[in-house]
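Scroll down for the structure; my scribbles are underneath it.
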Amino acid sequence: MTAGTRPASADLAVGQEVARRTVTVDRARLVRYAGASGDFNPIHWNERVATSVGLPGVIAHGMWTMGAAAAVVEDWAGDPGAVVDYRTRFTRPVPVPDPGEAAVEVVATVGALDVEAGTVRIDLTVSVEGVRVLGKAQAVVRLV
């Protein structure tokens with residue numbers, strides 16, 4: 001599918017993988033996200049604070065992770081406005097090393113089709129190093 005092209009139900013089947021992307025995040029991106037979101041919690045930028053509360057180190061903002069996964073669906077849908085519902089559970093933190101970056105793997109598959117409603121449910125598997133960091137991540141997309 002080319003950019004800007006909306007998917008059609010006739011081209012989809014339950015279980016079909018429709019998108020896959022690896023999104024990376026480093027400490028500099030976390031600082032920029034903190035500024036944009038207003039979430040300056042030190043667990044997202046200060047190693048000492050993060051480890052003092054039992055985390056493995058600095059972690060990505062949960063909303064950054066959720067948004068990175070949603071962007072994969074938006075790009076596949078060809079229109080961010082086509083995503084009419086999106087929900088998930090935060091199951092594991094995304095540790096961000098220094099130096100380096102964390103690689104967040106996002107795989108989107110068709111979970112259900114509702115031809116009558118003109119929607120498709122996209123199930124997302126979002127993981128870091130093979131461990132899921134979002135649970136029950138699902139987006140509903142309005143089809144053409």
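Chains: A, B, ... in order of the structure tokens. Residues: from 1 per chain. Ligands: from 1, in order shown.
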
Within 9 Å of Val96 of chain A, counting only C-alpha atoms, which residues show up once you throw out same-chain ones fewer than 3 positions away? Write them as an mmCIF file with N, CA, C and O atoms, in the first residue's frame, please.
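What follows is the written file selection-v6.cif:
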```
data_model
loop_
_atom_site.group_PDB
_atom_site.id
_atom_site.type_symbol
_atom_site.label_atom_id
_atom_site.label_comp_id
_atom_site.auth_asym_id
_atom_site.auth_seq_id
_atom_site.Cartn_x
_atom_site.Cartn_y
_atom_site.Cartn_z
ATOM 1 N N VAL A 25 14.514 4.647 20.559
ATOM 2 C CA VAL A 25 14.438 5.770 21.492
ATOM 3 C C VAL A 25 15.741 5.843 22.276
ATOM 4 O O VAL A 25 16.243 4.829 22.753
ATOM 5 N N ASP A 26 16.290 7.053 22.360
ATOM 6 C CA ASP A 26 17.485 7.278 23.159
ATOM 7 C C ASP A 26 17.185 8.350 24.210
ATOM 8 O O ASP A 26 16.079 8.882 24.271
ATOM 9 N N ARG A 27 18.169 8.642 25.036
ATOM 10 C CA ARG A 27 17.942 9.595 26.124
ATOM 11 C C ARG A 27 17.602 10.992 25.588
ATOM 12 O O ARG A 27 16.779 11.691 26.175
ATOM 13 N N LEU A 30 14.000 11.178 24.870
ATOM 14 C CA LEU A 30 13.218 11.255 26.106
ATOM 15 C C LEU A 30 13.158 12.694 26.632
ATOM 16 O O LEU A 30 12.108 13.146 27.094
ATOM 17 N N HIS A 44 12.524 9.374 33.888
ATOM 18 C CA HIS A 44 12.703 9.382 32.434
ATOM 19 C C HIS A 44 13.998 10.065 32.006
ATOM 20 O O HIS A 44 14.265 10.144 30.804
ATOM 21 N N GLY A 57 16.706 1.290 35.381
ATOM 22 C CA GLY A 57 17.407 2.484 34.920
ATOM 23 C C GLY A 57 16.367 3.427 34.350
ATOM 24 O O GLY A 57 15.156 3.247 34.568
ATOM 25 N N VAL A 58 16.820 4.429 33.626
ATOM 26 C CA VAL A 58 15.904 5.378 32.998
ATOM 27 C C VAL A 58 14.986 4.620 32.049
ATOM 28 O O VAL A 58 15.423 3.725 31.308
ATOM 29 N N ILE A 59 13.696 4.975 32.074
ATOM 30 C CA ILE A 59 12.721 4.303 31.201
ATOM 31 C C ILE A 59 12.011 5.325 30.318
ATOM 32 O O ILE A 59 11.874 6.491 30.676
ATOM 33 N N ALA A 60 11.566 4.849 29.175
ATOM 34 C CA ALA A 60 10.784 5.689 28.266
ATOM 35 C C ALA A 60 9.433 5.998 28.893
ATOM 36 O O ALA A 60 8.895 5.211 29.678
ATOM 37 N N PRO A 99 25.326 4.966 27.082
ATOM 38 C CA PRO A 99 24.892 5.416 25.757
ATOM 39 C C PRO A 99 24.054 4.335 25.069
ATOM 40 O O PRO A 99 23.970 3.207 25.550
ATOM 41 N N GLY A 100 23.466 4.699 23.958
ATOM 42 C CA GLY A 100 22.718 3.734 23.163
ATOM 43 C C GLY A 100 21.257 4.095 23.053
ATOM 44 O O GLY A 100 20.847 5.218 23.352
ATOM 45 N N GLU A 101 20.491 3.114 22.628
ATOM 46 C CA GLU A 101 19.063 3.319 22.417
ATOM 47 C C GLU A 101 18.328 2.004 22.628
ATOM 48 O O GLU A 101 18.925 0.939 22.556
ATOM 49 N N ALA A 102 17.047 2.111 22.898
ATOM 50 C CA ALA A 102 16.176 0.943 23.004
ATOM 51 C C ALA A 102 15.458 0.788 21.667
ATOM 52 O O ALA A 102 15.062 1.780 21.046
ATOM 53 N N ALA A 103 15.301 -0.442 21.234
ATOM 54 C CA ALA A 103 14.586 -0.741 19.992
ATOM 55 C C ALA A 103 13.232 -1.341 20.347
ATOM 56 O O ALA A 103 13.152 -2.403 20.958
#
```

| request: Within 12 Å of Thr109 of chain A, counting only C-alpha atoms, which residues show up once you throw out same-chain ones fewer than 3 positions away? Write them as a list in words, please. | output: Leu12, Ala13, Val14, Gly15, Gln16, Glu17, Val18, Ala19, Arg20, Val72, Val73, Trp76, Val106, Ala112, Leu113, Val120, Arg121, Ile122, Asp123, Leu124, Thr125, Val126, Ala137, Gln138, Ala139 and Val140 of chain A

Dump as an mmCIF file, in the first residue's frame, selection limited to N, CA, C and O atoms:
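Listed below is the output, again_38.cif:
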```cif
data_model
loop_
_atom_site.group_PDB
_atom_site.id
_atom_site.type_symbol
_atom_site.label_atom_id
_atom_site.label_comp_id
_atom_site.auth_asym_id
_atom_site.auth_seq_id
_atom_site.Cartn_x
_atom_site.Cartn_y
_atom_site.Cartn_z
ATOM 1 N N LEU A 12 -8.184 -7.540 3.306
ATOM 2 C CA LEU A 12 -7.731 -7.919 4.637
ATOM 3 C C LEU A 12 -8.297 -9.264 5.070
ATOM 4 O O LEU A 12 -9.397 -9.635 4.671
ATOM 5 N N ALA A 13 -7.542 -9.949 5.926
ATOM 6 C CA ALA A 13 -7.992 -11.216 6.506
ATOM 7 C C ALA A 13 -7.528 -11.270 7.958
ATOM 8 O O ALA A 13 -6.435 -10.785 8.286
ATOM 9 N N VAL A 14 -8.349 -11.851 8.818
ATOM 10 C CA VAL A 14 -7.981 -11.998 10.229
ATOM 11 C C VAL A 14 -6.679 -12.793 10.308
ATOM 12 O O VAL A 14 -6.509 -13.808 9.639
ATOM 13 N N GLY A 15 -5.747 -12.280 11.113
ATOM 14 C CA GLY A 15 -4.444 -12.914 11.277
ATOM 15 C C GLY A 15 -3.376 -12.354 10.359
ATOM 16 O O GLY A 15 -2.184 -12.621 10.551
ATOM 17 N N GLN A 16 -3.765 -11.564 9.388
ATOM 18 C CA GLN A 16 -2.827 -10.990 8.420
ATOM 19 C C GLN A 16 -1.968 -9.910 9.073
ATOM 20 O O GLN A 16 -2.476 -9.012 9.735
ATOM 21 N N GLU A 17 -0.652 -9.993 8.875
ATOM 22 C CA GLU A 17 0.234 -8.928 9.337
ATOM 23 C C GLU A 17 0.143 -7.786 8.334
ATOM 24 O O GLU A 17 0.305 -7.993 7.133
ATOM 25 N N VAL A 18 -0.127 -6.581 8.837
ATOM 26 C CA VAL A 18 -0.288 -5.433 7.942
ATOM 27 C C VAL A 18 0.834 -4.413 8.085
ATOM 28 O O VAL A 18 1.015 -3.567 7.206
ATOM 29 N N ALA A 19 1.579 -4.463 9.172
ATOM 30 C CA ALA A 19 2.679 -3.525 9.355
ATOM 31 C C ALA A 19 3.654 -4.071 10.384
ATOM 32 O O ALA A 19 3.273 -4.807 11.292
ATOM 33 N N ARG A 20 4.902 -3.656 10.213
ATOM 34 C CA ARG A 20 5.960 -4.030 11.160
ATOM 35 C C ARG A 20 6.989 -2.905 11.122
ATOM 36 O O ARG A 20 7.379 -2.454 10.049
ATOM 37 N N VAL A 72 2.440 3.529 13.930
ATOM 38 C CA VAL A 72 2.548 2.447 12.954
ATOM 39 C C VAL A 72 1.176 2.181 12.324
ATOM 40 O O VAL A 72 1.052 2.020 11.106
ATOM 41 N N VAL A 73 0.140 2.168 13.138
ATOM 42 C CA VAL A 73 -1.223 1.950 12.645
ATOM 43 C C VAL A 73 -1.679 3.141 11.799
ATOM 44 O O VAL A 73 -2.264 2.967 10.728
ATOM 45 N N TRP A 76 -0.104 2.925 8.412
ATOM 46 C CA TRP A 76 -0.726 1.866 7.612
ATOM 47 C C TRP A 76 -2.104 2.303 7.129
ATOM 48 O O TRP A 76 -2.465 2.081 5.975
ATOM 49 N N VAL A 106 7.284 -3.167 16.778
ATOM 50 C CA VAL A 106 5.827 -3.086 16.692
ATOM 51 C C VAL A 106 5.366 -3.943 15.515
ATOM 52 O O VAL A 106 5.822 -3.737 14.382
ATOM 53 N N ALA A 112 -9.736 -8.477 13.910
ATOM 54 C CA ALA A 112 -11.149 -8.686 13.594
ATOM 55 C C ALA A 112 -11.563 -7.696 12.514
ATOM 56 O O ALA A 112 -11.051 -6.581 12.454
ATOM 57 N N LEU A 113 -12.494 -8.143 11.685
ATOM 58 C CA LEU A 113 -13.089 -7.291 10.650
ATOM 59 C C LEU A 113 -14.571 -7.137 10.940
ATOM 60 O O LEU A 113 -15.244 -8.117 11.255
ATOM 61 N N VAL A 120 -11.857 -2.245 11.076
ATOM 62 C CA VAL A 120 -10.971 -3.373 11.334
ATOM 63 C C VAL A 120 -10.294 -3.129 12.676
ATOM 64 O O VAL A 120 -9.953 -1.995 13.006
ATOM 65 N N ARG A 121 -10.173 -4.199 13.479
ATOM 66 C CA ARG A 121 -9.417 -4.096 14.728
ATOM 67 C C ARG A 121 -8.006 -4.578 14.441
ATOM 68 O O ARG A 121 -7.799 -5.678 13.940
ATOM 69 N N ILE A 122 -7.053 -3.728 14.743
ATOM 70 C CA ILE A 122 -5.648 -4.064 14.572
ATOM 71 C C ILE A 122 -5.070 -4.393 15.938
ATOM 72 O O ILE A 122 -5.145 -3.582 16.871
ATOM 73 N N ASP A 123 -4.525 -5.591 16.063
ATOM 74 C CA ASP A 123 -3.884 -6.020 17.297
ATOM 75 C C ASP A 123 -2.387 -5.757 17.170
ATOM 76 O O ASP A 123 -1.775 -6.096 16.154
ATOM 77 N N LEU A 124 -1.822 -5.152 18.194
ATOM 78 C CA LEU A 124 -0.413 -4.777 18.171
ATOM 79 C C LEU A 124 0.383 -5.606 19.159
ATOM 80 O O LEU A 124 -0.022 -5.762 20.317
ATOM 81 N N THR A 125 1.497 -6.119 18.701
ATOM 82 C CA THR A 125 2.478 -6.741 19.576
ATOM 83 C C THR A 125 3.622 -5.747 19.670
ATOM 84 O O THR A 125 4.251 -5.422 18.655
ATOM 85 N N VAL A 126 3.856 -5.238 20.860
ATOM 86 C CA VAL A 126 4.867 -4.200 21.077
ATOM 87 C C VAL A 126 5.861 -4.760 22.086
ATOM 88 O O VAL A 126 5.497 -5.056 23.227
ATOM 89 N N ALA A 137 -2.841 -4.314 23.265
ATOM 90 C CA ALA A 137 -2.816 -3.096 22.467
ATOM 91 C C ALA A 137 -3.658 -3.321 21.225
ATOM 92 O O ALA A 137 -3.377 -4.209 20.417
ATOM 93 N N GLN A 138 -4.718 -2.515 21.071
ATOM 94 C CA GLN A 138 -5.639 -2.666 19.960
ATOM 95 C C GLN A 138 -6.070 -1.299 19.451
ATOM 96 O O GLN A 138 -6.338 -0.395 20.241
ATOM 97 N N ALA A 139 -6.166 -1.203 18.130
ATOM 98 C CA ALA A 139 -6.663 0.017 17.493
ATOM 99 C C ALA A 139 -7.799 -0.368 16.561
ATOM 100 O O ALA A 139 -7.732 -1.402 15.891
ATOM 101 N N VAL A 140 -8.833 0.444 16.530
ATOM 102 C CA VAL A 140 -9.924 0.244 15.575
ATOM 103 C C VAL A 140 -9.768 1.300 14.493
ATOM 104 O O VAL A 140 -9.625 2.498 14.789
#
```

| task | Quick one: pick out all helix (DSSP H, G or I) residues within segment 1-133 of chain A from a backbone DSSP run and write them as a ChimeraX atom specification. | result | /A:9-11,27-37,42-44,47-52,62-77,80-82

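Considering only C-alpha atoms, the residue among A:Pro7, A:Gly62, A:Pro42, A:Gly35 positioned nearest to Gly78 of chain A is A:Pro7.
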
Neighbours of segment 127-133 of chain A within 9 Å (only C-alpha atoms; same-chain residues fewer than 2 positions away dropped), as a PDB file with C-alpha atoms, in the first residue's frame?
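Heads up, here's the output in selection_0.pdb:
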```pdb
ATOM      1  CA  THR A  65       5.680   4.020  23.779  1.00  0.00           C
ATOM      2  CA  ARG A  89      -2.172  -1.698  29.028  1.00  0.00           C
ATOM      3  CA  PHE A  90       1.320  -0.810  30.157  1.00  0.00           C
ATOM      4  CA  THR A  91       2.891  -4.139  31.121  1.00  0.00           C
ATOM      5  CA  ARG A  92       6.660  -3.538  31.256  1.00  0.00           C
ATOM      6  CA  PRO A  93       8.889  -0.469  31.193  1.00  0.00           C
ATOM      7  CA  VAL A  94      11.164   0.317  28.239  1.00  0.00           C
ATOM      8  CA  PRO A  95      14.682   0.773  29.679  1.00  0.00           C
ATOM      9  CA  ALA A 102      16.176   0.943  23.004  1.00  0.00           C
ATOM     10  CA  ALA A 103      14.586  -0.741  19.992  1.00  0.00           C
ATOM     11  CA  VAL A 104      10.812  -1.070  20.249  1.00  0.00           C
ATOM     12  CA  GLU A 105       9.423  -3.656  17.815  1.00  0.00           C
ATOM     13  CA  VAL A 106       5.827  -3.086  16.692  1.00  0.00           C
ATOM     14  CA  VAL A 107       3.908  -5.741  14.747  1.00  0.00           C
ATOM     15  CA  THR A 125       2.478  -6.741  19.576  1.00  0.00           C
ATOM     16  CA  GLY A 135      -0.494  -5.604  26.632  1.00  0.00           C
TER      17      GLY A 135
END
```

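Taking atom CA of Thr88 of chain A and atom CA of Arg48 of chain A as endpoints, the distance between them is 28.8 Å.
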
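Closest approach to Glu116 of chain A from the set A:Gly67, A:Lys136, A:Val83, A:Arg142 is made by A:Arg142, with distances taken over only C-alpha atoms.
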
Every residue of segment 6-121 of chain A that DSSP places in strand (DSSP E), as a short mmCIF file (atom, residue, chain, number, x, y, z; two decimals) with all heavy atoms, in the first residue's frame:
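selection_31.cif written:
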```cif
data_model
loop_
_atom_site.label_atom_id
_atom_site.label_comp_id
_atom_site.auth_asym_id
_atom_site.auth_seq_id
_atom_site.Cartn_x
_atom_site.Cartn_y
_atom_site.Cartn_z
N GLU A 17 -0.65 -9.99 8.88
CA GLU A 17 0.23 -8.93 9.34
C GLU A 17 0.14 -7.79 8.33
O GLU A 17 0.30 -7.99 7.13
CB GLU A 17 1.68 -9.42 9.44
CG GLU A 17 2.63 -8.36 9.95
CD GLU A 17 4.05 -8.85 10.08
OE1 GLU A 17 4.28 -9.93 10.69
OE2 GLU A 17 4.95 -8.15 9.58
N VAL A 18 -0.13 -6.58 8.84
CA VAL A 18 -0.29 -5.43 7.94
C VAL A 18 0.83 -4.41 8.08
O VAL A 18 1.02 -3.57 7.21
CB VAL A 18 -1.67 -4.75 8.13
CG1 VAL A 18 -2.78 -5.70 7.69
CG2 VAL A 18 -1.87 -4.28 9.55
N ALA A 19 1.58 -4.46 9.17
CA ALA A 19 2.68 -3.52 9.35
C ALA A 19 3.65 -4.07 10.38
O ALA A 19 3.27 -4.81 11.29
CB ALA A 19 2.16 -2.16 9.79
N ARG A 20 4.90 -3.66 10.21
CA ARG A 20 5.96 -4.03 11.16
C ARG A 20 6.99 -2.90 11.12
O ARG A 20 7.38 -2.45 10.05
CB ARG A 20 6.60 -5.35 10.74
CG ARG A 20 7.77 -5.78 11.61
CD ARG A 20 8.39 -7.07 11.08
NE ARG A 20 7.47 -8.19 11.22
CZ ARG A 20 7.52 -9.08 12.22
NH1 ARG A 20 8.44 -8.97 13.15
NH2 ARG A 20 6.65 -10.06 12.27
N ARG A 21 7.40 -2.48 12.30
CA ARG A 21 8.40 -1.41 12.36
C ARG A 21 9.17 -1.49 13.66
O ARG A 21 8.62 -1.85 14.69
CB ARG A 21 7.71 -0.05 12.27
CG ARG A 21 8.69 1.12 12.30
CD ARG A 21 8.02 2.48 12.27
NE ARG A 21 7.13 2.58 11.14
CZ ARG A 21 6.11 3.44 11.08
NH1 ARG A 21 5.87 4.27 12.08
NH2 ARG A 21 5.33 3.49 10.04
N THR A 22 10.44 -1.15 13.60
CA THR A 22 11.25 -0.98 14.80
C THR A 22 11.44 0.52 15.00
O THR A 22 11.88 1.22 14.10
CB THR A 22 12.61 -1.69 14.66
OG1 THR A 22 12.38 -3.08 14.45
CG2 THR A 22 13.45 -1.49 15.91
N VAL A 23 11.07 0.99 16.19
CA VAL A 23 11.19 2.39 16.55
C VAL A 23 12.25 2.48 17.64
O VAL A 23 12.20 1.72 18.61
CB VAL A 23 9.85 2.95 17.07
CG1 VAL A 23 9.95 4.43 17.36
CG2 VAL A 23 8.73 2.65 16.09
N THR A 24 13.20 3.38 17.47
CA THR A 24 14.25 3.50 18.47
C THR A 24 14.04 4.75 19.33
O THR A 24 13.47 5.75 18.88
CB THR A 24 15.65 3.56 17.82
OG1 THR A 24 15.71 4.66 16.93
CG2 THR A 24 15.94 2.26 17.07
N VAL A 25 14.51 4.65 20.56
CA VAL A 25 14.44 5.77 21.49
C VAL A 25 15.74 5.84 22.28
O VAL A 25 16.24 4.83 22.75
CB VAL A 25 13.20 5.66 22.43
CG1 VAL A 25 13.23 4.38 23.25
CG2 VAL A 25 13.06 6.88 23.31
N ASP A 26 16.29 7.05 22.36
CA ASP A 26 17.49 7.28 23.16
C ASP A 26 17.19 8.35 24.21
O ASP A 26 16.08 8.88 24.27
CB ASP A 26 18.68 7.66 22.28
CG ASP A 26 18.46 8.94 21.48
OD1 ASP A 26 17.47 9.67 21.73
OD2 ASP A 26 19.28 9.21 20.58
N VAL A 83 -8.08 6.20 12.69
CA VAL A 83 -8.00 5.45 13.95
C VAL A 83 -9.07 6.02 14.87
O VAL A 83 -8.94 7.13 15.37
CB VAL A 83 -6.60 5.55 14.58
CG1 VAL A 83 -6.56 4.79 15.91
CG2 VAL A 83 -5.54 5.00 13.62
N VAL A 84 -10.14 5.25 15.07
CA VAL A 84 -11.28 5.74 15.84
C VAL A 84 -11.28 5.28 17.30
O VAL A 84 -12.04 5.80 18.11
CB VAL A 84 -12.63 5.37 15.16
CG1 VAL A 84 -12.72 6.06 13.80
CG2 VAL A 84 -12.78 3.87 15.01
N ASP A 85 -10.41 4.32 17.63
CA ASP A 85 -10.29 3.87 19.01
C ASP A 85 -8.91 3.25 19.16
O ASP A 85 -8.41 2.60 18.23
CB ASP A 85 -11.38 2.83 19.34
CG ASP A 85 -11.37 2.45 20.82
OD1 ASP A 85 -11.37 3.36 21.67
OD2 ASP A 85 -11.37 1.24 21.11
N TYR A 86 -8.31 3.46 20.33
CA TYR A 86 -7.00 2.88 20.59
C TYR A 86 -6.87 2.70 22.09
O TYR A 86 -7.18 3.62 22.86
CB TYR A 86 -5.90 3.81 20.07
CG TYR A 86 -4.48 3.33 20.32
CD1 TYR A 86 -4.08 2.05 19.97
CD2 TYR A 86 -3.55 4.17 20.91
CE1 TYR A 86 -2.78 1.62 20.19
CE2 TYR A 86 -2.25 3.77 21.13
CZ TYR A 86 -1.86 2.49 20.77
OH TYR A 86 -0.58 2.06 20.99
N ARG A 87 -6.47 1.51 22.50
CA ARG A 87 -6.32 1.24 23.92
C ARG A 87 -5.21 0.22 24.14
O ARG A 87 -4.90 -0.57 23.26
CB ARG A 87 -7.62 0.77 24.53
CG ARG A 87 -8.19 -0.48 23.84
CD ARG A 87 -9.58 -0.83 24.27
NE ARG A 87 -10.49 0.19 23.80
CZ ARG A 87 -11.68 0.42 24.32
NH1 ARG A 87 -12.13 -0.31 25.29
NH2 ARG A 87 -12.46 1.37 23.85
N THR A 88 -4.64 0.28 25.33
CA THR A 88 -3.58 -0.66 25.68
C THR A 88 -3.40 -0.69 27.20
O THR A 88 -3.98 0.13 27.91
CB THR A 88 -2.24 -0.28 25.01
OG1 THR A 88 -1.31 -1.34 25.18
CG2 THR A 88 -1.67 1.01 25.58
N ARG A 89 -2.60 -1.62 27.63
CA ARG A 89 -2.17 -1.70 29.03
C ARG A 89 -0.65 -1.61 29.04
O ARG A 89 0.01 -2.22 28.19
CB ARG A 89 -2.60 -3.03 29.66
CG ARG A 89 -4.09 -3.16 29.78
CD ARG A 89 -4.45 -4.46 30.46
NE ARG A 89 -5.89 -4.58 30.49
CZ ARG A 89 -6.53 -5.71 30.38
NH1 ARG A 89 -5.87 -6.85 30.24
NH2 ARG A 89 -7.85 -5.74 30.43
N PHE A 90 -0.13 -0.89 30.00
CA PHE A 90 1.32 -0.81 30.16
C PHE A 90 1.75 -2.01 31.00
O PHE A 90 1.35 -2.13 32.15
CB PHE A 90 1.72 0.51 30.82
CG PHE A 90 1.28 1.71 30.03
CD1 PHE A 90 0.19 2.45 30.42
CD2 PHE A 90 1.96 2.07 28.88
CE1 PHE A 90 -0.22 3.56 29.70
CE2 PHE A 90 1.55 3.16 28.13
CZ PHE A 90 0.46 3.91 28.54
N GLU A 101 20.49 3.11 22.63
CA GLU A 101 19.06 3.32 22.42
C GLU A 101 18.33 2.00 22.63
O GLU A 101 18.93 0.94 22.56
CB GLU A 101 18.79 3.85 21.01
CG GLU A 101 19.28 2.94 19.90
CD GLU A 101 19.24 3.58 18.53
OE1 GLU A 101 19.17 4.82 18.43
OE2 GLU A 101 19.30 2.83 17.54
N ALA A 102 17.05 2.11 22.90
CA ALA A 102 16.18 0.94 23.00
C ALA A 102 15.46 0.79 21.67
O ALA A 102 15.06 1.78 21.05
CB ALA A 102 15.16 1.12 24.12
N ALA A 103 15.30 -0.44 21.23
CA ALA A 103 14.59 -0.74 19.99
C ALA A 103 13.23 -1.34 20.35
O ALA A 103 13.15 -2.40 20.96
CB ALA A 103 15.39 -1.71 19.14
N VAL A 104 12.18 -0.63 19.98
CA VAL A 104 10.81 -1.07 20.25
C VAL A 104 10.25 -1.66 18.96
O VAL A 104 10.12 -0.96 17.96
CB VAL A 104 9.93 0.11 20.74
CG1 VAL A 104 8.51 -0.35 21.00
CG2 VAL A 104 10.54 0.75 21.98
N GLU A 105 9.96 -2.95 18.99
CA GLU A 105 9.42 -3.66 17.82
C GLU A 105 7.90 -3.63 17.87
O GLU A 105 7.30 -4.01 18.87
CB GLU A 105 9.91 -5.10 17.80
CG GLU A 105 9.40 -5.93 16.66
CD GLU A 105 10.09 -5.65 15.32
OE1 GLU A 105 11.20 -5.08 15.33
OE2 GLU A 105 9.52 -6.01 14.28
N VAL A 106 7.28 -3.17 16.78
CA VAL A 106 5.83 -3.09 16.69
C VAL A 106 5.37 -3.94 15.52
O VAL A 106 5.82 -3.74 14.38
CB VAL A 106 5.35 -1.63 16.48
CG1 VAL A 106 3.83 -1.57 16.42
CG2 VAL A 106 5.89 -0.72 17.58
N VAL A 107 4.49 -4.90 15.79
CA VAL A 107 3.91 -5.74 14.75
C VAL A 107 2.40 -5.58 14.81
O VAL A 107 1.80 -5.76 15.88
CB VAL A 107 4.30 -7.23 14.92
CG1 VAL A 107 3.67 -8.08 13.83
CG2 VAL A 107 5.82 -7.38 14.93
N ALA A 108 1.79 -5.23 13.67
CA ALA A 108 0.35 -4.99 13.60
C ALA A 108 -0.31 -6.08 12.77
O ALA A 108 0.10 -6.31 11.63
CB ALA A 108 0.08 -3.62 12.97
N THR A 109 -1.31 -6.73 13.34
CA THR A 109 -2.04 -7.77 12.62
C THR A 109 -3.54 -7.51 12.72
O THR A 109 -4.01 -6.87 13.66
CB THR A 109 -1.75 -9.18 13.19
OG1 THR A 109 -2.08 -9.21 14.57
CG2 THR A 109 -0.28 -9.56 13.02
N VAL A 110 -4.27 -8.04 11.75
CA VAL A 110 -5.72 -7.91 11.75
C VAL A 110 -6.28 -8.85 12.81
O VAL A 110 -6.08 -10.06 12.75
CB VAL A 110 -6.31 -8.24 10.36
CG1 VAL A 110 -7.83 -8.21 10.40
CG2 VAL A 110 -5.77 -7.28 9.30
N GLY A 111 -6.98 -8.27 13.79
CA GLY A 111 -7.57 -9.07 14.85
C GLY A 111 -9.03 -9.40 14.58
O GLY A 111 -9.51 -10.47 14.95
N ALA A 112 -9.74 -8.48 13.91
CA ALA A 112 -11.15 -8.69 13.59
C ALA A 112 -11.56 -7.70 12.51
O ALA A 112 -11.05 -6.58 12.45
CB ALA A 112 -12.02 -8.50 14.84
N LEU A 113 -12.49 -8.14 11.69
CA LEU A 113 -13.09 -7.29 10.65
C LEU A 113 -14.57 -7.14 10.94
O LEU A 113 -15.24 -8.12 11.25
CB LEU A 113 -12.93 -7.93 9.27
CG LEU A 113 -11.57 -7.82 8.60
CD1 LEU A 113 -11.45 -8.83 7.47
CD2 LEU A 113 -11.33 -6.42 8.10
N ASP A 114 -15.07 -5.93 10.83
CA ASP A 114 -16.50 -5.67 10.95
C ASP A 114 -16.93 -4.97 9.66
O ASP A 114 -16.90 -3.74 9.57
CB ASP A 114 -16.81 -4.82 12.18
CG ASP A 114 -18.30 -4.69 12.45
OD1 ASP A 114 -19.10 -4.83 11.49
OD2 ASP A 114 -18.66 -4.40 13.60
N THR A 119 -15.08 -1.25 9.78
CA THR A 119 -13.89 -1.10 10.61
C THR A 119 -13.09 -2.40 10.67
O THR A 119 -13.60 -3.48 10.38
CB THR A 119 -14.27 -0.69 12.05
OG1 THR A 119 -15.11 -1.71 12.63
CG2 THR A 119 -14.96 0.66 12.10
N VAL A 120 -11.86 -2.25 11.08
CA VAL A 120 -10.97 -3.37 11.33
C VAL A 120 -10.29 -3.13 12.68
O VAL A 120 -9.95 -2.00 13.01
CB VAL A 120 -9.92 -3.55 10.21
CG1 VAL A 120 -9.05 -2.31 10.06
CG2 VAL A 120 -9.05 -4.78 10.44
N ARG A 121 -10.17 -4.20 13.48
CA ARG A 121 -9.42 -4.10 14.73
C ARG A 121 -8.01 -4.58 14.44
O ARG A 121 -7.80 -5.68 13.94
CB ARG A 121 -10.03 -4.95 15.83
CG ARG A 121 -9.37 -4.68 17.20
CD ARG A 121 -9.79 -5.66 18.26
NE ARG A 121 -9.09 -6.92 18.05
CZ ARG A 121 -9.66 -8.13 18.16
NH1 ARG A 121 -10.93 -8.26 18.46
NH2 ARG A 121 -8.94 -9.22 17.96
#
```

| note | re atom CA of Phe40 of chain A and atom CA of Met63 of chain A: distance 12.8 Å

| task | Rank nothing, just name the residue among A:Ala69, A:Ala28, A:Val141, A:Val115 nearest to Gly81 of chain A, using only C-alpha atoms. | result | A:Val141

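Atom CA of Ala68 of chain A lies 19.3 Å from atom CA of Asn41 of chain A.
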